[in-house]
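Data block for model-v6.txt (compact mmCIF, C-alpha atoms):
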```txt
# COMPACT_ATOMS: atom_id res chain seq x y z
CA MET A 1383 52.95 -72.15 52.26
CA ARG A 1384 52.58 -71.76 56.00
CA GLN A 1385 55.64 -72.21 58.19
CA LEU A 1386 56.12 -75.19 60.50
CA SER A 1387 54.87 -74.52 64.00
CA GLN A 1388 57.35 -74.90 66.84
CA ALA A 1389 55.80 -78.27 67.76
CA GLU A 1390 56.00 -79.47 64.15
CA ARG A 1391 59.62 -78.37 63.82
CA GLN A 1392 60.55 -80.19 67.02
CA PHE A 1393 58.71 -83.31 65.89
CA LEU A 1394 60.51 -83.27 62.54
CA THR A 1395 63.99 -82.65 63.90
CA THR A 1396 63.84 -85.16 66.76
CA HIS A 1397 62.52 -88.16 64.83
CA ARG A 1398 65.01 -90.59 63.30
CA VAL A 1399 63.13 -92.06 60.38
CA ALA A 1400 60.61 -90.81 57.85
CA ARG A 1401 58.77 -92.54 55.03
CA LEU A 1402 59.18 -91.05 51.59
CA ALA A 1403 56.53 -91.51 48.91
CA THR A 1404 57.40 -90.95 45.27
CA VAL A 1405 55.60 -91.66 42.00
CA ASP A 1406 57.09 -93.72 39.20
CA ALA A 1407 57.02 -93.00 35.47
CA GLN A 1408 53.69 -94.87 35.25
CA GLY A 1409 52.21 -92.66 37.98
CA GLN A 1410 52.20 -95.40 40.60
CA PRO A 1411 53.19 -94.68 44.20
CA PHE A 1412 56.30 -96.06 45.89
CA VAL A 1413 57.23 -95.66 49.58
CA VAL A 1414 60.38 -96.41 51.59
CA PRO A 1415 61.80 -95.45 55.00
CA ILE A 1416 64.55 -92.84 54.92
CA CYS A 1417 66.93 -91.09 57.27
CA TYR A 1418 66.87 -87.32 56.92
CA VAL A 1419 67.72 -83.95 58.37
CA PHE A 1420 65.83 -80.65 58.31
CA ASP A 1421 67.90 -77.48 58.14
CA GLY A 1422 65.01 -75.12 58.80
CA THR A 1423 64.17 -74.76 55.10
CA ALA A 1424 64.53 -78.11 53.34
CA VAL A 1425 64.73 -81.80 54.17
CA TYR A 1426 67.87 -83.65 53.06
CA SER A 1427 68.42 -87.38 52.68
CA ALA A 1428 71.60 -89.23 51.71
CA LEU A 1429 71.50 -91.70 48.84
CA ASP A 1430 73.41 -94.56 50.39
CA GLU A 1431 71.89 -97.89 51.03
CA LYS A 1432 72.66 -99.40 54.43
CA PRO A 1433 74.52 -101.53 53.42
CA LYS A 1434 74.82 -100.41 49.82
CA SER A 1435 73.21 -102.86 47.41
CA VAL A 1436 72.63 -100.87 44.23
CA ALA A 1437 74.29 -97.73 42.85
CA PRO A 1438 72.64 -94.63 44.36
CA MET A 1439 71.43 -93.28 41.03
CA GLN A 1440 69.75 -96.61 40.33
CA LEU A 1441 67.61 -96.49 43.44
CA LYS A 1442 63.96 -96.48 42.47
CA ARG A 1443 63.26 -93.43 44.62
CA VAL A 1444 65.91 -91.55 42.58
CA ARG A 1445 64.63 -92.72 39.21
CA ASN A 1446 61.13 -91.72 40.30
CA ILE A 1447 62.19 -88.24 41.38
CA ILE A 1448 64.00 -87.68 38.10
CA ALA A 1449 60.79 -88.66 36.30
CA ASP A 1450 58.51 -86.70 38.66
CA PRO A 1451 59.85 -84.46 41.45
CA HIS A 1452 56.67 -84.52 43.55
CA VAL A 1453 57.13 -86.32 46.87
CA ALA A 1454 55.39 -86.74 50.20
CA LEU A 1455 57.12 -87.45 53.49
CA VAL A 1456 55.55 -88.58 56.76
CA VAL A 1457 57.00 -88.70 60.28
CA ASP A 1458 54.78 -90.24 62.92
CA ASP A 1459 54.36 -91.65 66.41
CA TYR A 1460 52.56 -94.93 66.97
CA SER A 1461 51.32 -95.80 70.44
CA GLU A 1462 48.82 -98.30 71.83
CA ASP A 1463 47.28 -95.28 73.52
CA TRP A 1464 45.64 -93.87 70.42
CA ARG A 1465 45.29 -90.47 72.08
CA ALA A 1466 49.07 -90.23 71.56
CA LEU A 1467 49.04 -90.96 67.83
CA ALA A 1468 50.54 -88.18 65.74
CA TYR A 1469 51.90 -87.51 62.31
CA LEU A 1470 53.43 -84.72 60.30
CA GLN A 1471 53.22 -84.89 56.52
CA ILE A 1472 55.27 -82.70 54.19
CA ARG A 1473 54.49 -82.57 50.50
CA GLY A 1474 56.87 -80.90 48.12
CA GLN A 1475 59.39 -81.27 45.35
CA ALA A 1476 62.68 -83.11 45.43
CA VAL A 1477 65.89 -82.53 43.53
CA LEU A 1478 69.32 -84.13 43.63
CA VAL A 1479 72.02 -81.74 44.81
CA GLU A 1480 75.37 -82.83 43.41
CA PRO A 1481 78.65 -83.44 45.25
CA GLY A 1482 80.59 -80.19 45.47
CA SER A 1483 77.49 -77.98 45.37
CA GLN A 1484 77.03 -75.58 48.26
CA GLU A 1485 73.79 -77.28 49.32
CA GLN A 1486 75.24 -80.78 49.24
CA ARG A 1487 78.29 -79.66 51.22
CA ALA A 1488 76.06 -78.02 53.82
CA ALA A 1489 73.82 -81.08 54.15
CA ILE A 1490 76.57 -83.68 54.68
CA PRO A 1491 77.71 -82.43 58.12
CA LEU A 1492 74.10 -82.11 59.27
CA LEU A 1493 73.46 -85.73 58.27
CA ARG A 1494 76.65 -86.87 60.00
CA ALA A 1495 75.78 -84.92 63.15
CA LYS A 1496 72.32 -86.46 63.39
CA TYR A 1497 73.46 -89.98 62.40
CA VAL A 1498 76.93 -90.95 63.64
CA GLN A 1499 76.60 -93.99 61.37
CA TYR A 1500 77.24 -91.71 58.39
CA GLN A 1501 80.63 -90.63 59.71
CA ALA A 1502 82.16 -93.86 58.40
CA MET A 1503 80.30 -93.72 55.08
CA ALA A 1504 81.31 -91.81 51.94
CA ILE A 1505 77.97 -90.05 51.56
CA ASP A 1506 79.86 -86.91 50.54
CA GLN A 1507 80.77 -88.62 47.25
CA GLN A 1508 77.11 -88.93 46.26
CA PRO A 1509 74.27 -86.55 45.49
CA VAL A 1510 71.89 -85.73 48.32
CA LEU A 1511 68.13 -85.57 47.97
CA GLN A 1512 66.79 -82.08 48.77
CA ILE A 1513 63.07 -81.84 49.48
CA THR A 1514 61.54 -78.37 49.53
CA PRO A 1515 58.22 -78.33 51.41
CA GLU A 1516 55.20 -76.92 49.60
CA ALA A 1517 52.42 -78.10 51.93
CA ILE A 1518 52.44 -79.14 55.59
CA SER A 1519 49.79 -81.03 57.50
CA SER A 1520 49.87 -82.47 60.97
CA TRP A 1521 47.50 -84.45 63.13
CA GLY A 1522 47.51 -85.47 66.78
CA ALA A 1523 47.30 -84.00 70.22
CA VAL A 1524 51.01 -83.13 70.29
CA PHE A 1525 50.35 -80.45 67.69
CA THR A 1526 47.31 -78.91 69.32
CA ALA A 1527 48.47 -78.80 72.94
CA ARG A 1528 48.73 -75.28 74.31
CA SER A 1529 51.82 -75.85 76.37
CA MET B 626 53.15 -112.02 41.65
CA ARG B 627 55.38 -114.01 43.97
CA GLN B 628 54.01 -115.04 47.37
CA LEU B 629 55.20 -113.54 50.64
CA SER B 630 57.99 -115.57 52.21
CA GLN B 631 57.43 -116.87 55.72
CA ALA B 632 59.68 -114.11 57.12
CA GLU B 633 57.79 -111.43 55.17
CA ARG B 634 54.42 -112.74 56.31
CA GLN B 635 55.55 -112.74 59.93
CA PHE B 636 56.95 -109.21 59.57
CA LEU B 637 53.68 -107.98 58.08
CA THR B 638 51.38 -109.62 60.58
CA THR B 639 53.33 -108.69 63.73
CA HIS B 640 53.86 -104.99 63.01
CA ARG B 641 51.31 -102.51 64.32
CA VAL B 642 51.57 -99.62 61.89
CA ALA B 643 52.21 -99.23 58.17
CA ARG B 644 52.53 -96.16 55.98
CA LEU B 645 50.16 -95.96 53.02
CA ALA B 646 51.06 -93.97 49.92
CA THR B 647 48.35 -92.92 47.48
CA VAL B 648 48.27 -90.57 44.51
CA ASP B 649 45.83 -87.68 44.20
CA ALA B 650 43.86 -86.61 41.14
CA GLN B 651 46.79 -84.39 40.10
CA GLY B 652 49.17 -87.38 40.30
CA GLN B 653 50.91 -86.16 43.43
CA PRO B 654 51.85 -88.57 46.22
CA PHE B 655 50.30 -88.56 49.70
CA VAL B 656 51.38 -90.72 52.66
CA VAL B 657 49.90 -91.40 56.09
CA PRO B 658 50.34 -94.00 58.85
CA ILE B 659 47.63 -96.64 59.04
CA CYS B 660 46.61 -99.58 61.19
CA TYR B 661 45.96 -102.73 59.19
CA VAL B 662 45.53 -106.48 59.15
CA PHE B 663 46.64 -109.08 56.62
CA ASP B 664 44.36 -112.08 56.14
CA GLY B 665 46.82 -114.05 54.00
CA THR B 666 45.55 -112.58 50.75
CA ALA B 667 44.80 -108.88 51.19
CA VAL B 668 45.57 -106.05 53.57
CA TYR B 669 42.61 -104.34 55.24
CA SER B 670 42.47 -100.96 56.97
CA ALA B 671 39.54 -99.32 58.76
CA LEU B 672 38.47 -95.83 57.78
CA ASP B 673 38.06 -94.29 61.17
CA GLU B 674 40.14 -91.42 62.35
CA LYS B 675 41.47 -91.75 65.90
CA PRO B 676 39.69 -89.67 67.10
CA LYS B 677 37.42 -89.06 64.15
CA SER B 678 37.83 -85.58 62.69
CA VAL B 679 36.36 -85.82 59.19
CA ALA B 680 33.83 -88.16 57.62
CA PRO B 681 35.55 -91.37 56.45
CA MET B 682 34.65 -90.88 52.79
CA GLN B 683 36.17 -87.39 52.93
CA LEU B 684 39.58 -88.64 54.02
CA LYS B 685 42.14 -87.69 51.41
CA ARG B 686 43.42 -91.27 51.20
CA VAL B 687 39.87 -92.34 50.26
CA ARG B 688 39.37 -89.61 47.69
CA ASN B 689 42.74 -90.49 46.18
CA ILE B 690 41.92 -94.20 45.93
CA ILE B 691 38.61 -93.44 44.26
CA ALA B 692 40.52 -91.31 41.72
CA ASP B 693 43.39 -93.82 41.35
CA PRO B 694 43.42 -97.23 43.07
CA HIS B 695 47.21 -97.69 42.94
CA VAL B 696 48.78 -97.69 46.40
CA ALA B 697 52.04 -98.59 48.08
CA LEU B 698 52.40 -99.71 51.69
CA VAL B 699 55.58 -99.99 53.74
CA VAL B 700 56.20 -101.68 57.09
CA ASP B 701 59.66 -101.22 58.54
CA ASP B 702 62.04 -101.52 61.47
CA TYR B 703 64.29 -98.65 62.43
CA SER B 704 67.28 -99.28 64.69
CA GLU B 705 70.44 -97.35 65.52
CA ASP B 706 72.23 -100.55 64.55
CA TRP B 707 71.80 -100.17 60.83
CA ARG B 708 72.49 -103.88 60.29
CA ALA B 709 69.00 -104.38 61.78
CA LEU B 710 67.16 -102.03 59.41
CA ALA B 711 64.43 -103.73 57.42
CA TYR B 712 61.40 -102.95 55.35
CA LEU B 713 58.68 -104.69 53.43
CA GLN B 714 56.91 -102.81 50.67
CA ILE B 715 53.67 -103.94 49.06
CA ARG B 716 52.37 -102.29 45.94
CA GLY B 717 48.91 -102.99 44.70
CA GLN B 718 45.40 -101.74 44.18
CA ALA B 719 42.93 -100.61 46.78
CA VAL B 720 39.15 -100.69 46.82
CA LEU B 721 36.53 -99.81 49.42
CA VAL B 722 34.54 -102.81 50.59
CA GLU B 723 31.13 -101.68 51.83
CA PRO B 724 29.42 -102.42 55.15
CA GLY B 725 27.47 -105.65 54.84
CA SER B 726 29.71 -107.14 52.16
CA GLN B 727 31.28 -110.50 52.91
CA GLU B 728 34.78 -109.05 52.75
CA GLN B 729 34.02 -106.14 55.05
CA ARG B 730 32.31 -108.44 57.56
CA ALA B 731 35.32 -110.76 57.55
CA ALA B 732 37.80 -107.91 57.98
CA ILE B 733 36.13 -106.24 60.99
CA PRO B 734 36.78 -109.06 63.50
CA LEU B 735 40.37 -109.36 62.30
CA LEU B 736 40.90 -105.64 62.87
CA ARG B 737 39.27 -105.85 66.32
CA ALA B 738 41.36 -108.89 67.25
CA LYS B 739 44.62 -107.17 66.32
CA TYR B 740 43.64 -103.78 67.80
CA VAL B 741 41.51 -103.95 70.94
CA GLN B 742 41.02 -100.22 70.51
CA TYR B 743 38.62 -100.95 67.65
CA GLN B 744 36.29 -102.96 69.90
CA ALA B 745 34.76 -99.74 71.21
CA MET B 746 34.59 -98.09 67.78
CA ALA B 747 31.84 -98.48 65.17
CA ILE B 748 34.21 -99.40 62.36
CA ASP B 749 31.65 -101.96 61.18
CA GLN B 750 29.42 -99.08 60.06
CA GLN B 751 32.00 -97.85 57.56
CA PRO B 752 33.67 -99.21 54.44
CA VAL B 753 37.04 -100.90 54.87
CA LEU B 754 39.99 -100.37 52.58
CA GLN B 755 41.04 -103.61 50.87
CA ILE B 756 44.52 -103.64 49.34
CA THR B 757 45.35 -106.50 46.99
CA PRO B 758 49.13 -106.94 46.61
CA GLU B 759 50.54 -106.92 43.09
CA ALA B 760 54.26 -106.58 43.86
CA ILE B 761 56.27 -107.33 46.98
CA SER B 762 59.78 -106.17 47.84
CA SER B 763 61.71 -106.51 51.05
CA TRP B 764 65.12 -105.42 52.25
CA GLY B 765 67.16 -106.17 55.36
CA ALA B 766 68.93 -109.01 57.09
CA VAL B 767 65.71 -110.31 58.67
CA PHE B 768 64.55 -111.39 55.22
CA THR B 769 67.77 -113.07 54.10
CA ALA B 770 68.64 -115.00 57.27
CA ARG B 771 68.60 -118.76 56.73
CA SER B 772 67.03 -119.66 60.03
```
Rendering of file as structure tokens:
Amino acid sequence: MRQLSQAERQFLTTHRVARLATVDAQGQPFVVPICYVFDGTAVYSALDEKPKSVAPMQLKRVRNIIADPHVALVVDDYSEDWRALAYLQIRGQAVLVEPGSQEQRAAIPLLRAKYVQYQAMAIDQQPVLQITPEAISSWGAVFTARS
Amino acid sequence: MRQLSQAERQFLTTHRVARLATVDAQGQPFVVPICYVFDGTAVYSALDEKPKSVAPMQLKRVRNIIADPHVALVVDDYSEDWRALAYLQIRGQAVLVEPGSQEQRAAIPLLRAKYVQYQAMAIDQQPVLQITPEAISSWGAVFTARS
């Protein structure tokens, strides 16, 4: 897999919301907005709801990933000036990293640094979704500019 | 399938961008932002690129839908006040409606009315993606408010 370019990395780390596509046990797609962080290697997303409505492990995105780890994630800019449209898509595999694991404990402070909202939420008591990129594609002038 | 509530219909028709998840021939998810209209029954999306970079029928979303018509679409609001987060997800099946068909000819003016950008683009020369909802889910205070 190629690495993220500098422009792609900046786009990914500065955006606040991504949309995560998963596939259910019947092979049908499912897509929801998520908050996330990127640590330079993987994307992490907490399993809370905001506010919590179902138990984290019962979330459909979680059940889907347990059935099939393949996911796709998109971060994008919409503008009425269509020359400014842009998106970055990451395809890869997702796993749940459990509370107490090194990866989960590293992800929690990154999530709380990016989203102060998480500082009052017990996301450390839950698994975190870890998405390892396998393919990267991007589109839009922001990614092709020379500057 | 249940009908869209009035709040869901308003949310869908007033937003400018959705994210469309498809599944490729290997069963792996794919997700991109799209422009769209809703005519009260189906969602329609033009097959241009902005600007065009590959032939419409070669777009991966199109190849995926030909291989597997199941799609999922999400429209959402992000806010730093997480009490204002909201999303509407539509799952269903997609088909290409061809230039000259009644459905394609009805969709083109709706797309050009919602997006003036399309008035200068020959979207009428291309098929349009028609997504028929089969399942609707929404989340967020905007959908549960009594007003």
**Request:** Show which residues sit within 7 Å of region 724-733 of chain B, as a PyMOL selection string. Count all atoms listed in the file, and ignore same-chain residues fewer than 2 positions away.
**Result:** chain B and resi 669+722+735-737+749-753
Using all atoms listed in the file and a cut-off of 10 Å, which residues of chain B sit close to chain A? Please list them as a PDB file with C-alpha atoms, keeping the file's coordinate frame.
```pdb
ATOM      1  CA  ARG B 641      51.310-102.510  64.320  1.00  0.00           C
ATOM      2  CA  VAL B 642      51.570 -99.620  61.890  1.00  0.00           C
ATOM      3  CA  ALA B 643      52.210 -99.230  58.170  1.00  0.00           C
ATOM      4  CA  ARG B 644      52.530 -96.160  55.980  1.00  0.00           C
ATOM      5  CA  LEU B 645      50.160 -95.960  53.020  1.00  0.00           C
ATOM      6  CA  ALA B 646      51.060 -93.970  49.920  1.00  0.00           C
ATOM      7  CA  THR B 647      48.350 -92.920  47.480  1.00  0.00           C
ATOM      8  CA  VAL B 648      48.270 -90.570  44.510  1.00  0.00           C
ATOM      9  CA  GLY B 652      49.170 -87.380  40.300  1.00  0.00           C
ATOM     10  CA  GLN B 653      50.910 -86.160  43.430  1.00  0.00           C
ATOM     11  CA  PRO B 654      51.850 -88.570  46.220  1.00  0.00           C
ATOM     12  CA  PHE B 655      50.300 -88.560  49.700  1.00  0.00           C
ATOM     13  CA  VAL B 656      51.380 -90.720  52.660  1.00  0.00           C
ATOM     14  CA  VAL B 657      49.900 -91.400  56.090  1.00  0.00           C
ATOM     15  CA  PRO B 658      50.340 -94.000  58.850  1.00  0.00           C
ATOM     16  CA  ILE B 659      47.630 -96.640  59.040  1.00  0.00           C
ATOM     17  CA  CYS B 660      46.610 -99.580  61.190  1.00  0.00           C
ATOM     18  CA  LYS B 675      41.470 -91.750  65.900  1.00  0.00           C
ATOM     19  CA  PRO B 676      39.690 -89.670  67.100  1.00  0.00           C
ATOM     20  CA  SER B 678      37.830 -85.580  62.690  1.00  0.00           C
ATOM     21  CA  ASP B 693      43.390 -93.820  41.350  1.00  0.00           C
ATOM     22  CA  PRO B 694      43.420 -97.230  43.070  1.00  0.00           C
ATOM     23  CA  HIS B 695      47.210 -97.690  42.940  1.00  0.00           C
ATOM     24  CA  VAL B 696      48.780 -97.690  46.400  1.00  0.00           C
ATOM     25  CA  ALA B 697      52.040 -98.590  48.080  1.00  0.00           C
ATOM     26  CA  LEU B 698      52.400 -99.710  51.690  1.00  0.00           C
ATOM     27  CA  VAL B 699      55.580 -99.990  53.740  1.00  0.00           C
ATOM     28  CA  VAL B 700      56.200-101.680  57.090  1.00  0.00           C
ATOM     29  CA  ASP B 701      59.660-101.220  58.540  1.00  0.00           C
ATOM     30  CA  ASP B 702      62.040-101.520  61.470  1.00  0.00           C
ATOM     31  CA  TYR B 703      64.290 -98.650  62.430  1.00  0.00           C
ATOM     32  CA  SER B 704      67.280 -99.280  64.690  1.00  0.00           C
ATOM     33  CA  GLU B 705      70.440 -97.350  65.520  1.00  0.00           C
ATOM     34  CA  ASP B 706      72.230-100.550  64.550  1.00  0.00           C
ATOM     35  CA  TRP B 707      71.800-100.170  60.830  1.00  0.00           C
ATOM     36  CA  ARG B 708      72.490-103.880  60.290  1.00  0.00           C
ATOM     37  CA  ALA B 709      69.000-104.380  61.780  1.00  0.00           C
ATOM     38  CA  LEU B 710      67.160-102.030  59.410  1.00  0.00           C
ATOM     39  CA  ALA B 711      64.430-103.730  57.420  1.00  0.00           C
ATOM     40  CA  TYR B 712      61.400-102.950  55.350  1.00  0.00           C
ATOM     41  CA  LEU B 713      58.680-104.690  53.430  1.00  0.00           C
ATOM     42  CA  GLN B 714      56.910-102.810  50.670  1.00  0.00           C
ATOM     43  CA  ILE B 715      53.670-103.940  49.060  1.00  0.00           C
ATOM     44  CA  ARG B 716      52.370-102.290  45.940  1.00  0.00           C
ATOM     45  CA  GLY B 717      48.910-102.990  44.700  1.00  0.00           C
ATOM     46  CA  GLN B 718      45.400-101.740  44.180  1.00  0.00           C
ATOM     47  CA  TYR B 740      43.640-103.780  67.800  1.00  0.00           C
ATOM     48  CA  VAL B 741      41.510-103.950  70.940  1.00  0.00           C
ATOM     49  CA  GLN B 742      41.020-100.220  70.510  1.00  0.00           C
ATOM     50  CA  TRP B 764      65.120-105.420  52.250  1.00  0.00           C
ATOM     51  CA  GLY B 765      67.160-106.170  55.360  1.00  0.00           C
TER      52      GLY B 765
END
```
Pairing the C-alpha atoms in order across the whole chain, superpose chain B onto chain A by least squares and write the result as a short mmCIF file (atom, residue, chain, number, x, y, z; two decimals) with C-alpha atoms, in the coordinates of the input.
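Written out: out.cif:
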```
data_model
loop_
_atom_site.label_atom_id
_atom_site.label_comp_id
_atom_site.auth_asym_id
_atom_site.auth_seq_id
_atom_site.Cartn_x
_atom_site.Cartn_y
_atom_site.Cartn_z
CA MET B 626 52.94 -72.16 52.25
CA ARG B 627 52.55 -71.77 55.99
CA GLN B 628 55.62 -72.22 58.20
CA LEU B 629 56.12 -75.20 60.50
CA SER B 630 54.87 -74.51 64.01
CA GLN B 631 57.35 -74.89 66.84
CA ALA B 632 55.81 -78.26 67.77
CA GLU B 633 56.01 -79.47 64.16
CA ARG B 634 59.62 -78.37 63.82
CA GLN B 635 60.56 -80.17 67.02
CA PHE B 636 58.71 -83.31 65.88
CA LEU B 637 60.52 -83.26 62.54
CA THR B 638 63.98 -82.64 63.89
CA THR B 639 63.86 -85.16 66.76
CA HIS B 640 62.53 -88.16 64.83
CA ARG B 641 65.02 -90.58 63.32
CA VAL B 642 63.14 -92.06 60.38
CA ALA B 643 60.60 -90.80 57.86
CA ARG B 644 58.77 -92.54 55.05
CA LEU B 645 59.19 -91.05 51.58
CA ALA B 646 56.54 -91.51 48.91
CA THR B 647 57.41 -90.95 45.26
CA VAL B 648 55.60 -91.65 42.00
CA ASP B 649 57.10 -93.72 39.19
CA ALA B 650 57.01 -92.99 35.47
CA GLN B 651 53.70 -94.88 35.23
CA GLY B 652 52.21 -92.67 37.98
CA GLN B 653 52.21 -95.41 40.59
CA PRO B 654 53.21 -94.69 44.19
CA PHE B 655 56.32 -96.06 45.89
CA VAL B 656 57.26 -95.66 49.57
CA VAL B 657 60.39 -96.42 51.59
CA PRO B 658 61.81 -95.45 54.99
CA ILE B 659 64.56 -92.83 54.92
CA CYS B 660 66.94 -91.09 57.27
CA TYR B 661 66.88 -87.31 56.93
CA VAL B 662 67.73 -83.94 58.38
CA PHE B 663 65.83 -80.65 58.32
CA ASP B 664 67.91 -77.48 58.15
CA GLY B 665 65.00 -75.11 58.78
CA THR B 666 64.17 -74.75 55.11
CA ALA B 667 64.52 -78.10 53.35
CA VAL B 668 64.73 -81.78 54.18
CA TYR B 669 67.86 -83.64 53.06
CA SER B 670 68.41 -87.38 52.70
CA ALA B 671 71.59 -89.23 51.72
CA LEU B 672 71.50 -91.70 48.86
CA ASP B 673 73.40 -94.54 50.39
CA GLU B 674 71.87 -97.89 51.02
CA LYS B 675 72.65 -99.40 54.43
CA PRO B 676 74.49 -101.53 53.42
CA LYS B 677 74.78 -100.41 49.83
CA SER B 678 73.19 -102.87 47.40
CA VAL B 679 72.64 -100.86 44.22
CA ALA B 680 74.27 -97.74 42.83
CA PRO B 681 72.65 -94.62 44.35
CA MET B 682 71.43 -93.26 41.01
CA GLN B 683 69.75 -96.60 40.32
CA LEU B 684 67.62 -96.47 43.45
CA LYS B 685 63.97 -96.48 42.47
CA ARG B 686 63.27 -93.41 44.62
CA VAL B 687 65.92 -91.55 42.58
CA ARG B 688 64.62 -92.71 39.22
CA ASN B 689 61.12 -91.72 40.29
CA ILE B 690 62.19 -88.23 41.37
CA ILE B 691 64.00 -87.68 38.09
CA ALA B 692 60.77 -88.66 36.28
CA ASP B 693 58.51 -86.68 38.66
CA PRO B 694 59.85 -84.47 41.47
CA HIS B 695 56.65 -84.53 43.56
CA VAL B 696 57.13 -86.32 46.87
CA ALA B 697 55.39 -86.75 50.20
CA LEU B 698 57.13 -87.45 53.50
CA VAL B 699 55.56 -88.58 56.76
CA VAL B 700 57.01 -88.70 60.27
CA ASP B 701 54.80 -90.25 62.91
CA ASP B 702 54.36 -91.64 66.41
CA TYR B 703 52.58 -94.92 66.97
CA SER B 704 51.32 -95.81 70.44
CA GLU B 705 48.83 -98.32 71.81
CA ASP B 706 47.26 -95.31 73.50
CA TRP B 707 45.63 -93.89 70.42
CA ARG B 708 45.27 -90.48 72.08
CA ALA B 709 49.06 -90.23 71.56
CA LEU B 710 49.05 -90.97 67.82
CA ALA B 711 50.54 -88.19 65.74
CA TYR B 712 51.90 -87.51 62.31
CA LEU B 713 53.43 -84.73 60.30
CA GLN B 714 53.22 -84.89 56.53
CA ILE B 715 55.26 -82.71 54.19
CA ARG B 716 54.50 -82.56 50.51
CA GLY B 717 56.87 -80.90 48.13
CA GLN B 718 59.38 -81.28 45.35
CA ALA B 719 62.66 -83.11 45.43
CA VAL B 720 65.87 -82.54 43.52
CA LEU B 721 69.32 -84.13 43.63
CA VAL B 722 72.01 -81.75 44.80
CA GLU B 723 75.38 -82.83 43.40
CA PRO B 724 78.65 -83.46 45.24
CA GLY B 725 80.57 -80.20 45.47
CA SER B 726 77.49 -77.98 45.39
CA GLN B 727 77.02 -75.59 48.28
CA GLU B 728 73.79 -77.28 49.33
CA GLN B 729 75.24 -80.78 49.26
CA ARG B 730 78.30 -79.66 51.23
CA ALA B 731 76.08 -78.03 53.85
CA ALA B 732 73.82 -81.08 54.16
CA ILE B 733 76.57 -83.68 54.70
CA PRO B 734 77.72 -82.43 58.13
CA LEU B 735 74.11 -82.12 59.27
CA LEU B 736 73.46 -85.73 58.27
CA ARG B 737 76.66 -86.89 60.00
CA ALA B 738 75.80 -84.92 63.15
CA LYS B 739 72.33 -86.47 63.39
CA TYR B 740 73.47 -89.99 62.41
CA VAL B 741 76.92 -90.97 63.64
CA GLN B 742 76.60 -93.99 61.38
CA TYR B 743 77.23 -91.71 58.39
CA GLN B 744 80.64 -90.64 59.72
CA ALA B 745 82.17 -93.86 58.40
CA MET B 746 80.29 -93.73 55.08
CA ALA B 747 81.30 -91.82 51.94
CA ILE B 748 77.97 -90.06 51.57
CA ASP B 749 79.86 -86.91 50.55
CA GLN B 750 80.75 -88.63 47.27
CA GLN B 751 77.11 -88.93 46.25
CA PRO B 752 74.26 -86.55 45.49
CA VAL B 753 71.88 -85.72 48.32
CA LEU B 754 68.13 -85.56 47.97
CA GLN B 755 66.80 -82.07 48.76
CA ILE B 756 63.07 -81.83 49.48
CA THR B 757 61.54 -78.36 49.52
CA PRO B 758 58.22 -78.33 51.42
CA GLU B 759 55.19 -76.94 49.60
CA ALA B 760 52.42 -78.10 51.95
CA ILE B 761 52.45 -79.14 55.59
CA SER B 762 49.79 -81.04 57.51
CA SER B 763 49.89 -82.47 60.99
CA TRP B 764 47.49 -84.45 63.14
CA GLY B 765 47.50 -85.48 66.79
CA ALA B 766 47.30 -84.02 70.25
CA VAL B 767 51.02 -83.15 70.30
CA PHE B 768 50.34 -80.47 67.70
CA THR B 769 47.28 -78.93 69.34
CA ALA B 770 48.46 -78.79 72.96
CA ARG B 771 48.73 -75.23 74.26
CA SER B 772 51.90 -75.72 76.23
#
```
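With distances restricted to only C-alpha atoms, B:Tyr661 is the closest residue to Pro734 (chain B) from B:Ala760, B:Thr769, B:Asn689, B:Tyr661.
Our summary of the geometry notes that CA of Val720 (chain B) is positioned 21.4 Å from CA of Ser762 (chain B).
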**Fill in**
As a check of understanding: the span from CA of Thr666 (chain B) to CA of Ala738 (chain B) is 17.4 Å
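Nearest residue to Leu672 (chain B), choosing from B:Ala650, B:Ile691, B:Leu637, B:Ile748 and counting only C-alpha atoms: B:Ile748.
Pairwise distance (CA of Thr757 (chain B), CA of Ala719 (chain B)) equals 6.4 Å.
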